[in-house]
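What follows is the content of final-v9.cif, which has mmCIF, C-alpha atoms:
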data_upload
loop_
_atom_site.label_atom_id
_atom_site.label_comp_id
_atom_site.auth_asym_id
_atom_site.auth_seq_id
_atom_site.Cartn_x
_atom_site.Cartn_y
_atom_site.Cartn_z
CA MET A 1 -7.06 53.64 11.30
CA VAL A 2 -6.78 50.11 12.72
CA ASN A 3 -8.63 47.41 10.81
CA ASN A 4 -10.21 45.10 13.40
CA GLU A 5 -11.80 42.76 10.89
CA PRO A 6 -10.56 39.15 10.79
CA PRO A 7 -7.84 38.72 8.14
CA VAL A 8 -8.87 36.99 4.94
CA LEU A 9 -7.23 34.27 2.89
CA ASP A 10 -5.79 36.05 -0.13
CA ILE A 11 -5.23 33.12 -2.50
CA ASP A 12 -4.84 33.70 -6.22
CA PRO A 13 -5.51 31.58 -8.15
CA PRO A 14 -8.05 30.07 -5.74
CA LEU A 15 -6.67 26.54 -6.00
CA VAL A 16 -4.61 24.72 -3.33
CA ASN A 17 -3.65 21.26 -2.19
CA SER A 18 -5.40 19.96 0.89
CA ALA A 19 -3.55 18.72 3.98
CA ASN A 20 -2.61 15.19 2.90
CA PRO A 21 0.26 12.66 2.77
CA TRP A 22 1.59 14.18 -0.46
CA ALA A 23 2.43 17.39 1.42
CA THR A 24 4.68 15.81 4.06
CA THR A 25 8.32 16.46 3.21
CA LEU A 26 10.36 19.53 2.32
CA ASP A 27 10.61 18.24 -1.24
CA ASP A 28 6.83 17.81 -1.37
CA LEU A 29 6.32 21.40 -0.26
CA ARG A 30 8.97 22.74 -2.63
CA SER A 31 7.28 21.01 -5.55
CA LEU A 32 3.88 22.34 -4.54
CA TYR A 33 5.24 25.84 -4.01
CA SER A 34 6.89 25.93 -7.42
CA CYS A 35 3.59 25.04 -9.11
CA THR A 36 2.27 28.20 -10.79
CA SER A 37 -1.28 26.82 -10.99
CA THR A 38 -1.93 27.13 -7.23
CA GLY A 39 -2.28 30.17 -5.00
CA ALA A 40 -1.05 28.64 -1.72
CA VAL A 41 0.36 25.44 -0.24
CA THR A 42 -1.24 23.51 2.63
CA THR A 43 1.05 21.46 4.87
CA ARG A 44 0.14 18.04 6.13
CA THR A 45 -1.51 18.26 9.56
CA SER A 46 1.06 18.32 12.36
CA LEU A 47 1.20 18.46 16.14
CA ILE A 48 3.60 20.40 18.35
CA GLY A 49 5.04 17.11 19.63
CA GLY A 50 4.71 15.10 16.44
CA PHE A 51 2.70 11.97 15.69
CA GLU A 52 4.02 8.45 16.17
CA HIS A 53 3.81 7.12 12.62
CA ASP A 54 3.86 3.33 12.26
CA PRO A 55 4.11 2.26 8.62
CA SER A 56 2.65 -1.14 9.47
CA LYS A 57 -0.52 0.54 10.73
CA HIS A 58 -0.73 3.91 9.00
CA GLN A 59 -1.25 3.46 5.27
CA TYR A 60 -3.26 4.65 2.28
CA VAL A 61 -4.49 3.13 -0.95
CA LEU A 62 -5.64 4.64 -4.25
CA PHE A 63 -8.43 2.70 -5.93
CA ASP A 64 -11.35 2.63 -8.33
CA ALA A 65 -14.56 3.36 -6.48
CA ALA A 66 -16.63 1.08 -8.72
CA THR A 67 -14.42 -2.02 -8.84
CA HIS A 68 -12.01 -1.61 -5.89
CA ALA A 69 -9.17 -2.21 -8.36
CA ALA A 70 -5.95 -0.20 -8.17
CA ALA A 71 -5.60 3.57 -8.61
CA LYS A 72 -8.36 5.33 -10.48
CA ASN A 73 -10.45 7.99 -8.70
CA ALA A 74 -10.59 7.43 -4.94
CA SER A 75 -8.48 7.02 -1.82
CA LEU A 76 -8.75 5.35 1.57
CA ASN A 77 -6.36 6.03 4.43
CA CYS A 78 -5.76 5.19 8.07
CA LEU A 79 -2.81 7.53 8.40
CA GLY A 80 -3.41 9.86 11.31
CA TYR A 81 -1.13 12.93 11.27
CA SER A 82 2.33 13.85 10.00
CA PRO A 83 5.37 12.36 11.75
CA HIS A 84 6.99 15.80 11.48
CA THR A 85 6.46 18.36 14.24
CA LEU A 86 5.00 21.80 13.70
CA GLU A 87 8.45 23.27 14.35
CA THR A 88 9.80 21.14 11.49
CA TYR A 89 7.18 22.49 9.11
CA LEU A 90 7.91 26.06 10.12
CA GLY A 91 11.55 25.31 9.33
CA PHE A 92 10.55 23.95 5.92
CA ILE A 93 8.57 27.12 5.24
CA LYS A 94 11.48 29.33 6.33
CA THR A 95 13.76 27.42 3.96
CA ILE A 96 11.39 27.92 1.03
CA SER A 97 10.90 31.58 1.91
CA ASP A 98 14.68 32.12 2.03
CA GLU A 99 15.08 30.34 -1.30
CA GLN A 100 12.50 32.65 -2.84
CA GLN A 101 14.31 35.70 -1.50
CA GLN A 102 17.58 34.46 -2.92
CA GLN A 103 15.96 34.47 -6.35
CA GLU A 104 15.59 38.26 -6.12
CA GLY A 105 16.05 39.67 -9.59
CA GLN A 106 15.83 36.21 -11.13
CA GLN A 107 12.87 34.31 -12.52
CA LYS A 108 10.83 33.34 -9.48
CA THR A 109 8.93 30.06 -9.48
CA ALA A 110 5.80 31.49 -7.86
CA ARG A 111 4.11 34.80 -7.08
CA PRO A 112 5.49 36.61 -4.00
CA THR A 113 2.00 36.61 -2.47
CA LYS A 114 1.83 32.81 -2.53
CA GLY A 115 1.96 31.54 1.02
CA PHE A 116 1.24 28.57 3.25
CA ILE A 117 -1.76 27.27 5.14
CA VAL A 118 -0.24 25.48 8.12
CA SER A 119 -2.50 22.62 9.18
CA VAL A 120 -2.30 21.77 12.90
CA THR A 121 -4.15 19.79 15.54
CA GLY A 122 -3.92 18.82 19.21
CA THR A 123 -5.70 19.79 22.41
CA PRO A 124 -7.32 23.25 22.69
CA ALA A 125 -4.24 24.53 24.53
CA GLU A 126 -1.92 22.99 21.94
CA VAL A 127 -3.72 24.48 18.94
CA ALA A 128 -3.71 27.90 20.64
CA ALA A 129 0.03 27.51 21.17
CA SER A 130 0.34 26.40 17.53
CA TYR A 131 -1.38 29.58 16.39
CA ARG A 132 1.09 31.66 18.39
CA LEU A 133 4.05 29.74 16.95
CA VAL A 134 2.88 30.25 13.37
CA ALA A 135 2.14 33.93 14.03
CA ALA A 136 5.63 34.33 15.49
CA ALA A 137 7.10 32.58 12.44
CA GLN A 138 5.35 35.11 10.20
CA ARG A 139 7.85 37.72 11.42
CA HIS A 140 10.69 35.76 9.84
CA VAL A 141 9.23 34.69 6.49
CA ALA A 142 8.24 36.86 3.57
CA LEU A 143 5.39 34.55 2.54
CA PRO A 144 1.88 34.98 4.03
CA LEU A 145 0.86 32.35 6.59
CA ALA A 146 -2.50 31.08 7.83
CA VAL A 147 -3.49 28.35 10.30
CA GLU A 148 -5.96 25.55 9.58
CA VAL A 149 -7.03 23.66 12.72
CA ASN A 150 -7.90 20.10 11.81
CA LEU A 151 -10.71 18.97 14.11
CA SER A 152 -11.96 16.25 11.80
CA CYS A 153 -9.54 13.31 11.37
CA PRO A 154 -11.57 10.05 11.55
CA ASN A 155 -8.58 7.76 12.13
CA ILE A 156 -7.49 8.43 15.74
CA PRO A 157 -8.67 5.59 18.06
CA ASP A 158 -10.70 6.70 21.10
CA LYS A 159 -10.57 10.33 19.94
CA PRO A 160 -13.69 11.22 17.93
CA PRO A 161 -13.37 14.29 15.74
CA PRO A 162 -14.07 17.34 17.97
CA ALA A 163 -15.93 19.04 15.13
CA TYR A 164 -18.89 16.69 15.67
CA SER A 165 -19.42 18.09 19.19
CA ARG A 166 -20.76 21.58 19.94
CA ASP A 167 -19.10 21.66 23.35
CA ALA A 168 -15.72 20.48 22.03
CA LEU A 169 -15.88 22.99 19.19
CA ALA A 170 -16.68 25.79 21.62
CA GLU A 171 -13.66 24.87 23.76
CA TYR A 172 -11.32 24.96 20.76
CA LEU A 173 -12.80 28.19 19.45
CA ALA A 174 -12.45 29.90 22.82
CA ALA A 175 -8.77 28.95 23.02
CA LEU A 176 -8.07 30.02 19.43
CA SER A 177 -9.96 33.29 19.76
CA ALA A 178 -8.00 34.17 22.87
CA ALA A 179 -4.74 33.34 21.10
CA ALA A 180 -5.65 35.50 18.13
CA ALA A 181 -6.70 38.40 20.35
CA ALA A 182 -3.87 38.27 22.85
CA ALA A 183 -0.37 39.35 21.90
CA SER A 184 1.61 37.00 24.05
CA THR A 185 4.17 34.28 23.51
CA ASN A 186 3.79 30.77 24.83
CA ASN A 187 6.51 31.16 27.46
CA GLY A 188 6.06 34.43 29.27
CA PRO A 189 6.38 38.07 28.35
CA ALA A 190 3.71 39.63 26.20
CA ALA A 191 4.78 40.67 22.75
CA ASP A 192 2.83 41.84 19.76
CA LEU A 193 2.32 39.12 17.18
CA PRO A 194 0.97 39.62 13.69
CA ARG A 195 -2.66 38.61 13.37
CA ILE A 196 -2.92 35.86 10.78
CA PRO A 197 -6.03 34.07 9.46
CA PHE A 198 -7.18 30.91 11.19
CA GLY A 199 -9.91 28.48 10.28
CA LEU A 200 -11.33 25.06 11.09
CA LYS A 201 -11.24 21.92 8.98
CA THR A 202 -14.56 20.14 9.40
CA PRO A 203 -15.58 16.51 8.91
CA PRO A 204 -18.31 15.45 6.48
CA TYR A 205 -21.61 16.39 8.09
CA THR A 206 -24.57 14.22 7.18
CA HIS A 207 -27.55 15.74 9.00
CA ALA A 208 -28.84 19.14 10.05
CA ALA A 209 -28.01 18.82 13.75
CA GLN A 210 -24.29 18.56 12.97
CA PHE A 211 -24.31 21.75 10.92
CA ARG A 212 -26.31 23.50 13.63
CA ALA A 213 -23.82 22.41 16.32
CA LEU A 214 -21.03 24.08 14.36
CA MET A 215 -23.00 27.28 13.85
CA ASP A 216 -24.00 27.39 17.52
CA ALA A 217 -20.38 26.94 18.59
CA LEU A 218 -19.24 29.70 16.24
CA ALA A 219 -21.96 32.01 17.55
CA ALA A 220 -21.17 31.15 21.18
CA THR A 221 -17.55 32.21 20.68
CA GLY A 222 -18.74 35.76 20.22
CA THR A 223 -17.30 38.53 18.11
CA ASP A 224 -14.22 40.69 18.14
CA ALA A 225 -14.01 44.48 17.98
CA SER A 226 -15.26 44.38 14.40
CA GLY A 227 -18.53 42.70 15.39
CA MET A 228 -17.44 39.58 13.48
CA SER A 229 -16.39 36.12 14.55
CA PRO A 230 -12.57 35.95 14.69
CA VAL A 231 -12.62 32.82 12.51
CA SER A 232 -11.55 33.59 8.94
CA PHE A 233 -12.43 30.39 7.10
CA LEU A 234 -13.78 26.84 7.18
CA THR A 235 -12.27 23.97 5.19
CA ALA A 236 -14.92 21.46 4.17
CA THR A 237 -14.52 18.61 4.15
CA ASN A 238 -12.15 15.98 5.54
CA THR A 239 -12.38 12.31 4.60
CA LEU A 240 -15.39 10.17 5.55
CA GLY A 241 -14.49 7.64 8.25
CA SER A 242 -15.45 4.00 8.78
CA CYS A 243 -15.12 3.11 5.09
CA LEU A 244 -13.87 -0.26 3.90
CA VAL A 245 -12.25 -1.24 0.60
CA LEU A 246 -11.75 -4.91 -0.30
CA SER A 247 -9.27 -6.26 -2.79
CA ALA A 248 -10.76 -6.84 -6.23
CA THR A 249 -9.68 -10.48 -6.20
CA GLY A 250 -9.47 -11.93 -2.71
CA LEU A 251 -12.11 -9.77 -1.02
CA ASP A 252 -9.68 -8.94 1.78
CA PRO A 253 -9.32 -5.48 3.35
CA VAL A 254 -6.64 -3.45 1.56
CA LEU A 255 -5.66 -1.58 4.73
CA PRO A 256 -4.30 -3.10 7.95
CA ALA A 257 -6.90 -4.71 10.24
CA PRO A 258 -9.64 -3.85 10.82
CA GLY A 259 -9.29 -2.28 7.38
CA VAL A 260 -11.46 0.81 7.81
CA GLY A 261 -10.29 4.32 7.08
CA GLY A 262 -11.15 7.75 5.72
CA LEU A 263 -12.59 7.90 2.21
CA GLY A 264 -11.61 10.61 -0.29
CA GLY A 265 -11.85 11.24 -3.99
CA ALA A 266 -14.81 10.87 -6.34
CA PRO A 267 -17.14 8.99 -3.91
CA LEU A 268 -16.85 11.87 -1.43
CA HIS A 269 -17.54 14.61 -3.97
CA PRO A 270 -21.37 14.86 -3.74
CA LEU A 271 -21.23 14.94 0.07
CA ALA A 272 -18.47 17.56 0.01
CA LEU A 273 -20.50 19.72 -2.38
CA GLY A 274 -23.50 19.46 -0.07
CA ASN A 275 -21.38 20.44 2.92
CA VAL A 276 -19.91 23.48 1.17
CA ALA A 277 -23.33 24.62 -0.09
CA THR A 278 -24.96 24.20 3.33
CA LEU A 279 -22.15 25.93 5.21
CA ARG A 280 -22.15 28.85 2.78
CA ARG A 281 -25.90 29.28 3.17
CA MET A 282 -25.81 29.11 6.97
CA LEU A 283 -22.83 31.46 7.26
CA ASP A 284 -24.50 34.02 5.02
CA ALA A 285 -27.57 33.99 7.26
CA ASP A 286 -25.61 35.38 10.24
CA PRO A 287 -23.97 38.82 9.88
CA ALA A 288 -21.27 37.86 12.39
CA LEU A 289 -20.30 34.80 10.33
CA ALA A 290 -20.94 35.87 6.74
CA HIS A 291 -17.35 37.03 6.20
CA MET A 292 -15.97 33.50 6.60
CA GLN A 293 -14.56 31.96 3.45
CA VAL A 294 -15.10 28.30 2.65
CA VAL A 295 -12.28 26.19 1.25
CA GLY A 296 -14.03 23.42 -0.65
CA VAL A 297 -12.28 20.03 -0.53
CA GLY A 298 -13.48 16.59 -1.52
CA GLY A 299 -13.29 14.70 -4.78
CA VAL A 300 -12.08 17.50 -7.05
CA LEU A 301 -10.14 15.69 -9.76
CA ASP A 302 -10.50 18.01 -12.75
CA ALA A 303 -11.76 21.38 -13.98
CA ASP A 304 -15.39 20.29 -13.81
CA GLY A 305 -15.00 19.37 -10.15
CA TYR A 306 -13.39 22.76 -9.53
CA ARG A 307 -16.30 24.54 -11.23
CA ARG A 308 -18.83 22.60 -9.16
CA MET A 309 -17.08 23.56 -5.91
CA ARG A 310 -16.94 27.22 -6.86
CA SER A 311 -20.59 27.21 -7.94
CA VAL A 312 -21.78 26.12 -4.48
CA GLY A 313 -19.82 28.78 -2.61
CA ALA A 314 -16.19 27.73 -2.25
CA ALA A 315 -13.91 30.77 -2.25
CA VAL A 316 -10.91 28.44 -2.66
CA VAL A 317 -10.83 24.85 -3.95
CA GLY A 318 -8.57 22.16 -2.49
CA VAL A 319 -7.30 18.96 -4.10
CA GLY A 320 -6.17 15.88 -2.16
CA THR A 321 -6.73 12.51 -3.81
CA GLY A 322 -6.13 14.04 -7.24
CA LEU A 323 -2.64 15.02 -6.08
CA GLY A 324 -1.97 11.46 -4.96
CA LEU A 325 -3.20 10.05 -8.25
CA ARG A 326 -1.53 12.40 -10.73
CA GLY A 327 1.05 14.39 -8.80
CA VAL A 328 1.50 18.16 -8.95
CA SER A 329 0.58 18.11 -12.66
CA VAL A 330 -3.08 17.78 -11.62
CA PHE A 331 -3.16 21.51 -10.86
CA GLY A 332 -1.90 22.46 -14.31
CA GLU A 333 -4.48 20.13 -15.82
CA ILE A 334 -7.24 21.87 -13.85
CA GLU A 335 -5.99 25.29 -14.91
CA ALA A 336 -5.84 24.20 -18.56
CA GLY A 337 -9.37 22.82 -18.33
CA LEU A 338 -10.62 26.15 -16.96
CA GLY A 339 -9.16 28.08 -19.87
CA GLY A 340 -8.12 30.91 -17.58
CA LEU A 341 -11.63 31.34 -16.12
CA TRP A 342 -10.95 30.91 -12.44
#

Mind turning this structure into structure tokens?
Amino acid sequence: MVNNEPPVLDIDPPLVNSANPWATTLDDLRSLYSCTSTGAVTTRTSLIGGFEHDPSKHQYVLFDAATHAAAKNASLNCLGYSPHTLETYLGFIKTISDEQQQQEGQQKTARPTKGFIVSVTGTPAEVAASYRLVAAAQRHVALPLAVEVNLSCPNIPDKPPPAYSRDALAEYLAALSAAAAAASTNNGPAADLPRIPFGLKTPPYTHAAQFRALMDALAATGTDASGMSPVSFLTATNTLGSCLVLSATGLDPVLPAPGVGGLGGAPLHPLALGNVATLRRMLDADPALAHMQVVGVGGVLDADGYRRMRSVGAAVVGVGTGLGLRGVSVFGEIEAGLGGLW
């Protein structure tokens, strides 16, 4: 019997890195994959054609939220997306998958069910094509793949995050739903592709109308043969835009002019918790949406932050700024703090 229900994220333990600058290179991804304290690896957000990275403009800083002094508990960035193309990331994943297979009969560095969440963005047509490319790649890698569509970056000039607009969301969802339903390649003949989970990464919502716009767009997309929305998960939340950090001494912006960027880490945590709790409540109120998992991201720096995210409805917890501050060891520290109680 065919199962028509949207595929779920099967992530154990339910701890991952978020899409961030510390998940950019092959070495970054190898290090994250070898970490036994996480259940999946998220790539930095990429485009099919790549992003023109300019190190003089695209930067990040780690700082203390109370004093604006150097690295402590928060981050600010004006980075945009990865300079690597989606094809490059799929090549990285194939390399890691092959390396895991070569360890057959040896001590593997991670569970065979540990996979990748491939974060992508672009136009509606481009993200639909990205879904097809990742689904096609699934045929050639032994590790489970999923697609996260980032509709929430606050740092792209003249391109507001689509996830703040009901109409823009509906356009993306229609394209993605068609890509998930249709078994066709991007360049011609139809061919069956494996159905893999896809979800949306949302920005920080601050009032009820923004949450309602998302729910309305999800509802307007309709349901598949299972009577459910084809969307498998939501990742909440991305960084909060238009934030400014000044140097602790000279009171100058720490990022290139005009100095504003997306805020992450401890200052974002209460807002992220509120977003996860609100989304979980609203999803549960609609039978067609209740199956969607929420990946809770924003200010999780330790085991207590993990527990808070799980308590408000996150099925999986993501870490971004904590990774930048303490490296991959942050995940082991969280696991140790949980005492095995995921």

Inset, instruction - Convert the output of the PyMOL selection byres ((chain A and resi 91-99) around 8) on the shown file into explicit residues, formatted as a VMD selection string. - result: chain A and resid 26 29 to 30 87 to 90 100 to 103 116 140 to 143

Inset, instruction - Could you tell me which of A:His269, A:Arg212, A:Arg139, A:Arg281 comes closest to Thr321 in chain A if we count only C-alpha atoms? - result: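 Answer, going by the shortest atom-to-atom distance: A:His269.
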
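Using all atoms listed in the file for every distance, the candidate list A:Asn20, A:Gln210, A:Gln138, A:Ser177 yields A:Gln210 as the residue closest to Pro162 in chain A.
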
Inset, instruction - Tell me which of A:Ala288, A:Val16, A:Ile334, A:Ala136 sits closest to Met228 in chain A, counting all atoms listed in the file. - result: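 Among the listed residues, A:Ala288 lies closest to Met228 in chain A.
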
Legend entry - Gap from CA of Leu263 in chain A to CA of Asn77 in chain A - Å, one decimal: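 According to the coordinates, CA of Leu263 in chain A and CA of Asn77 in chain A are separated by 6.9 Å.
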
Legend entry - Non-local contacts of Ile196 in chain A (12 Å; only C-alpha atoms; under 2 positions in same chain excluded) as a PyMOL selection string: chain A and resi 5-10+115-118+131-139+143-148+176-177+179-181+183+193-194+198-199+230-233

Take range 19-31 of chain A from the preceding structure and save all heavy atoms as a PDB file, in the first residue's frame.
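part35.pdb was written with the following content:
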ATOM      1  N   ALA A  19      21.418  26.499   9.432  1.00  0.00           N
ATOM      2  CA  ALA A  19      22.136  26.975   8.247  1.00  0.00           C
ATOM      3  C   ALA A  19      22.871  28.250   8.642  1.00  0.00           C
ATOM      4  O   ALA A  19      22.239  29.261   8.967  1.00  0.00           O
ATOM      5  CB  ALA A  19      21.155  27.239   7.113  1.00  0.00           C
ATOM      6  N   ASN A  20      24.195  28.226   8.614  1.00  0.00           N
ATOM      7  CA  ASN A  20      24.965  29.369   9.102  1.00  0.00           C
ATOM      8  C   ASN A  20      26.371  29.346   8.509  1.00  0.00           C
ATOM      9  O   ASN A  20      26.755  28.393   7.826  1.00  0.00           O
ATOM     10  CB  ASN A  20      24.992  29.357  10.639  1.00  0.00           C
ATOM     11  CG  ASN A  20      25.625  28.105  11.206  1.00  0.00           C
ATOM     12  OD1 ASN A  20      26.744  27.750  10.857  1.00  0.00           O
ATOM     13  ND2 ASN A  20      24.906  27.408  12.087  1.00  0.00           N
ATOM     14  N   PRO A  21      27.169  30.388   8.750  1.00  0.00           N
ATOM     15  CA  PRO A  21      28.496  30.460   8.108  1.00  0.00           C
ATOM     16  C   PRO A  21      29.475  29.389   8.565  1.00  0.00           C
ATOM     17  O   PRO A  21      30.513  29.193   7.923  1.00  0.00           O
ATOM     18  CB  PRO A  21      28.993  31.857   8.488  1.00  0.00           C
ATOM     19  CG  PRO A  21      28.176  32.277   9.654  1.00  0.00           C
ATOM     20  CD  PRO A  21      26.845  31.642   9.450  1.00  0.00           C
ATOM     21  N   TRP A  22      29.163  28.688   9.664  1.00  0.00           N
ATOM     22  CA  TRP A  22      30.055  27.647  10.158  1.00  0.00           C
ATOM     23  C   TRP A  22      29.676  26.277   9.581  1.00  0.00           C
ATOM     24  O   TRP A  22      30.125  25.254  10.069  1.00  0.00           O
ATOM     25  CB  TRP A  22      30.039  27.653  11.684  1.00  0.00           C
ATOM     26  CG  TRP A  22      30.344  29.041  12.165  1.00  0.00           C
ATOM     27  CD1 TRP A  22      31.560  29.671  12.140  1.00  0.00           C
ATOM     28  CD2 TRP A  22      29.402  29.998  12.674  1.00  0.00           C
ATOM     29  NE1 TRP A  22      31.432  30.955  12.614  1.00  0.00           N
ATOM     30  CE2 TRP A  22      30.121  31.193  12.943  1.00  0.00           C
ATOM     31  CE3 TRP A  22      28.036  29.974  12.930  1.00  0.00           C
ATOM     32  CZ2 TRP A  22      29.513  32.331  13.466  1.00  0.00           C
ATOM     33  CZ3 TRP A  22      27.426  31.105  13.442  1.00  0.00           C
ATOM     34  CH2 TRP A  22      28.162  32.268  13.699  1.00  0.00           C
ATOM     35  N   ALA A  23      28.857  26.302   8.527  1.00  0.00           N
ATOM     36  CA  ALA A  23      28.491  25.087   7.791  1.00  0.00           C
ATOM     37  C   ALA A  23      28.669  25.341   6.300  1.00  0.00           C
ATOM     38  O   ALA A  23      27.830  24.983   5.480  1.00  0.00           O
ATOM     39  CB  ALA A  23      27.047  24.696   8.098  1.00  0.00           C
ATOM     40  N   THR A  24      29.794  25.960   5.944  1.00  0.00           N
ATOM     41  CA  THR A  24      30.034  26.429   4.578  1.00  0.00           C
ATOM     42  C   THR A  24      30.867  25.467   3.751  1.00  0.00           C
ATOM     43  O   THR A  24      30.531  25.155   2.608  1.00  0.00           O
ATOM     44  CB  THR A  24      30.727  27.809   4.602  1.00  0.00           C
ATOM     45  OG1 THR A  24      29.876  28.761   5.252  1.00  0.00           O
ATOM     46  CG2 THR A  24      31.039  28.297   3.196  1.00  0.00           C
ATOM     47  N   THR A  25      31.960  24.987   4.306  1.00  0.00           N
ATOM     48  CA  THR A  25      32.940  24.225   3.523  1.00  0.00           C
ATOM     49  C   THR A  25      32.766  22.726   3.716  1.00  0.00           C
ATOM     50  O   THR A  25      32.060  22.273   4.619  1.00  0.00           O
ATOM     51  CB  THR A  25      34.368  24.613   3.940  1.00  0.00           C
ATOM     52  OG1 THR A  25      34.593  24.150   5.290  1.00  0.00           O
ATOM     53  CG2 THR A  25      34.577  26.115   3.876  1.00  0.00           C
ATOM     54  N   LEU A  26      33.458  21.955   2.880  1.00  0.00           N
ATOM     55  CA  LEU A  26      33.447  20.499   3.033  1.00  0.00           C
ATOM     56  C   LEU A  26      33.992  20.111   4.400  1.00  0.00           C
ATOM     57  O   LEU A  26      33.442  19.219   5.062  1.00  0.00           O
ATOM     58  CB  LEU A  26      34.269  19.845   1.919  1.00  0.00           C
ATOM     59  CG  LEU A  26      34.445  18.320   2.005  1.00  0.00           C
ATOM     60  CD1 LEU A  26      33.103  17.595   2.029  1.00  0.00           C
ATOM     61  CD2 LEU A  26      35.311  17.827   0.838  1.00  0.00           C
ATOM     62  N   ASP A  27      35.048  20.764   4.846  1.00  0.00           N
ATOM     63  CA  ASP A  27      35.599  20.448   6.161  1.00  0.00           C
ATOM     64  C   ASP A  27      34.610  20.773   7.274  1.00  0.00           C
ATOM     65  O   ASP A  27      34.496  20.036   8.258  1.00  0.00           O
ATOM     66  CB  ASP A  27      36.907  21.197   6.390  1.00  0.00           C
ATOM     67  CG  ASP A  27      38.077  20.588   5.621  1.00  0.00           C
ATOM     68  OD1 ASP A  27      37.954  19.431   5.180  1.00  0.00           O
ATOM     69  OD2 ASP A  27      39.101  21.273   5.462  1.00  0.00           O
ATOM     70  N   ASP A  28      33.884  21.892   7.130  1.00  0.00           N
ATOM     71  CA  ASP A  28      32.837  22.217   8.108  1.00  0.00           C
ATOM     72  C   ASP A  28      31.825  21.075   8.197  1.00  0.00           C
ATOM     73  O   ASP A  28      31.455  20.630   9.287  1.00  0.00           O
ATOM     74  CB  ASP A  28      32.082  23.495   7.704  1.00  0.00           C
ATOM     75  CG  ASP A  28      32.891  24.762   7.839  1.00  0.00           C
ATOM     76  OD1 ASP A  28      33.882  24.771   8.591  1.00  0.00           O
ATOM     77  OD2 ASP A  28      32.526  25.745   7.170  1.00  0.00           O
ATOM     78  N   LEU A  29      31.347  20.629   7.046  1.00  0.00           N
ATOM     79  CA  LEU A  29      30.309  19.602   7.018  1.00  0.00           C
ATOM     80  C   LEU A  29      30.836  18.257   7.515  1.00  0.00           C
ATOM     81  O   LEU A  29      30.107  17.523   8.193  1.00  0.00           O
ATOM     82  CB  LEU A  29      29.731  19.471   5.607  1.00  0.00           C
ATOM     83  CG  LEU A  29      29.075  20.737   5.037  1.00  0.00           C
ATOM     84  CD1 LEU A  29      28.466  20.454   3.669  1.00  0.00           C
ATOM     85  CD2 LEU A  29      28.021  21.301   5.975  1.00  0.00           C
ATOM     86  N   ARG A  30      32.074  17.945   7.177  1.00  0.00           N
ATOM     87  CA  ARG A  30      32.673  16.710   7.697  1.00  0.00           C
ATOM     88  C   ARG A  30      32.709  16.732   9.226  1.00  0.00           C
ATOM     89  O   ARG A  30      32.379  15.745   9.885  1.00  0.00           O
ATOM     90  CB  ARG A  30      34.095  16.551   7.163  1.00  0.00           C
ATOM     91  CG  ARG A  30      34.225  15.933   5.788  1.00  0.00           C
ATOM     92  CD  ARG A  30      35.674  15.559   5.572  1.00  0.00           C
ATOM     93  NE  ARG A  30      35.902  14.915   4.286  1.00  0.00           N
ATOM     94  CZ  ARG A  30      36.661  15.433   3.319  1.00  0.00           C
ATOM     95  NH1 ARG A  30      37.249  16.608   3.498  1.00  0.00           N
ATOM     96  NH2 ARG A  30      36.835  14.783   2.195  1.00  0.00           N
ATOM     97  N   SER A  31      33.150  17.847   9.772  1.00  0.00           N
ATOM     98  CA  SER A  31      33.249  17.966  11.229  1.00  0.00           C
ATOM     99  C   SER A  31      31.885  17.844  11.875  1.00  0.00           C
ATOM    100  O   SER A  31      31.712  17.149  12.892  1.00  0.00           O
ATOM    101  CB  SER A  31      33.898  19.307  11.588  1.00  0.00           C
ATOM    102  OG  SER A  31      34.014  19.459  12.977  1.00  0.00           O
TER     103      SER A  31
END
